[in-house]
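**Q** Dumping the structure here so I can ask a few things about it.
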Amino acid sequence: MQIQRIKGFADILYPESALYAHLENTARTLFSLYMYKEIRIPLVEYTELFVRGIGTSTDVVQKEMYTFEDKKSRSITLRPEATAGIVRAYIEHNLQGLTRVFTMGPMFRYERPQKGRMRQFHQINCECIGAEEPIVDAEIIAMLLHFLQELGITDITLLLNSLGCTQCRPQYKIRLLEYLHSVEHMLCPTCQARMKHNPLRVLDCKEKECVEHTTHAPHITEHLCTPCNEHFTHVTQMLHDMDISYKIEPRLVRGLDYYSRTTFEVISNNIGAQSSIAGGGRYDTLIGEIGGKPTPAIGFACGMERLILLLNELSSSKITYYIASLCPQAQSHALRIAKELRKRGIEVELSCGVISMKHCMKYAGKYAQYCILLGEEELAQEKCSIKDMSTGTQEMISFDMCVEYCVQQSNR
Ligand code: HAM
């Protein structure tokens, strides 16, 4: 029986693979302008890191992790996100001072696959560790939007919230729970359970009844302590000063437990139900909680699958030169010309073996800008025919002049 790929895991073939490379290249170039350096972390960590980092009451930890025992019966997990691993590396390598890092690669969550939601998906992830000033929040959000703009993704909304801190959030939770108890019987069973472990997550429920019956729930932004309120006001003021539009969304609680203060998400209306293309926020207590010296931090991750749904196909780029050997003796000449052109930075595709003129015209017409024809007639005169596939004009050029001629054509 034929072996097939696992549900929720994709093979990424060309031309889609070129879109992934385009995202990665754009990210590398852009993040370097903001002094973010690349970090590469393992795909697998001890399960405890994610349990302690992401939180036991989250869907990710409760239902979505790919967890196994290794040969020594230690519990290990395929990373469902990158922040916990980066923070582990930050502590383990005793990185000091302000650390700005980015990473990209596959993450794994056992969710129900649908458009824009995979079990193996890819994230581009940035973290700024070691600063609590609001300017850092404003800058990282601006960097995310700059990245999306570079990709030509414009029809988006930035949602913003503050989740307060260990001082003000417990007070808010009490208020929220009071409210939720009054509507408890109308909430879905999952939200009724969430009320016990993580009441804020009720605000994130997509069930129609839950959304309806929590519209009048108290807003966390109205219950922030003075330092959190000042922090949030500064962040929003700085975004305003940079002409960045945003919508304050008090229901934005995020699905991972480590967040405090600023949280944000970028959503798109053009990719269906899985509309969140990026999300992030502050996690000022996480590093202390998993064994490091208490250090404030903020970061975000973009979902590459969702960005790709929004990217227009890269303009279908044709190969510059197709070299066709029309007789067996032409093949060595074809190889030599190809080598010289590639040395000059020009893309070349060789015909695989000897092909007919008819086949050559059909193929080059579709995929190439120019075609170099090497047949018996050309070889007898020590020349090649070069055809411009868009205009149909053809010239015979001597072998000596061929490479120079091609370089000039492709520089036009
Ligand atoms: P997250 O909101 O869980 O945050 O994921 C970030 C983005 O990853 C989402 O907005 C979405 O685009 C994409 N994503 C998540 N799950 C899937 C999936 N199953 N299939 C396809 N795309 C998906 C985090 O992961 C945090 N670590 C972000 C962060 C970094 N916060 C601070 N630093």
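Please note that chains go A, B, ... in the order of the structure tokens, that every chain numbers its residues from 1, and that ligands are numbered from 1 in the order shown.
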Taking only C-alpha atoms and all ligand atoms into account, which residues are within 6 Å of ligand 1, as a list in words?
**A** Glu81, Ala82, Thr83, Arg109, Gly116, Arg117, Met118, Arg119, Phe121, Gln123, Asn125, Glu127, Ser276, Ile277, Ala278, Gly279, Gly280, Gly281, Ile298, Gly299, Phe300, Ala301, Cys302, Gly303, Glu305 and Arg306 of chain A
**Q** Taking the DSSP assignment computed from this structure's backbone, write out as a PyMOL selection string all residues of stretch 230-332 of chain A that belong to strand (DSSP E).
**A** chain A and resi 247-248+260-268+276-282+297-303+319-325
**Q** Just to be explicit: take each residue in the selection above, keep C-alpha atoms, and write the result as a compact mmCIF listing (two decimals), in the first residue's frame.
**A**
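That gives us part-v7.txt:
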# COMPACT_ATOMS: atom_id res chain seq x y z
CA LYS A 247 -8.25 49.01 17.65
CA ILE A 248 -8.35 48.45 21.40
CA SER A 260 1.14 40.45 30.88
CA ARG A 261 0.52 44.08 29.95
CA THR A 262 0.60 44.77 26.17
CA THR A 263 -0.90 42.06 23.96
CA PHE A 264 -1.63 42.38 20.26
CA GLU A 265 -2.83 40.52 17.23
CA VAL A 266 -2.94 41.33 13.55
CA ILE A 267 -5.98 40.00 11.76
CA SER A 268 -6.94 39.81 8.12
CA SER A 276 -5.04 35.90 13.02
CA ILE A 277 -1.87 36.31 10.97
CA ALA A 278 0.34 37.36 13.88
CA GLY A 279 0.09 37.61 17.63
CA GLY A 280 2.24 38.50 20.57
CA GLY A 281 2.74 40.54 23.67
CA ARG A 282 4.71 41.11 26.84
CA ALA A 297 10.35 40.73 27.54
CA ILE A 298 8.04 41.10 24.56
CA GLY A 299 7.66 39.29 21.26
CA PHE A 300 5.40 38.12 18.47
CA ALA A 301 5.02 35.34 15.94
CA CYS A 302 3.53 35.36 12.44
CA GLY A 303 1.95 32.26 10.92
CA ILE A 319 14.21 31.49 -16.56
CA THR A 320 16.45 33.83 -18.48
CA TYR A 321 18.14 31.42 -20.91
CA TYR A 322 17.12 28.00 -22.13
CA ILE A 323 19.91 26.25 -24.05
CA ALA A 324 18.69 23.55 -26.42
CA SER A 325 21.00 20.90 -27.85
**Q** Restricting the calculation to only C-alpha atoms, which member of A:Asp155, A:Asp243, A:Glu230, A:Glu207 is positioned closest to A:Ala142?
**A**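 Counting only C-alpha atoms, the residue closest to A:Ala142 is A:Asp243.
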**Q** Any idea what's packed within 12 Å of A:Tyr367, counting only C-alpha atoms, ignoring anything in its chain fewer than 3 positions away? Could you give it as a ChimeraX atom specification?
**A** /A:316-323,348-349,360-364,370-371,389-390
**Q** Just give me the gap between atom CA of A:Asp59 and atom CA of A:Lys196 in Å, one decimal is fine.
**A** 14.4 Å
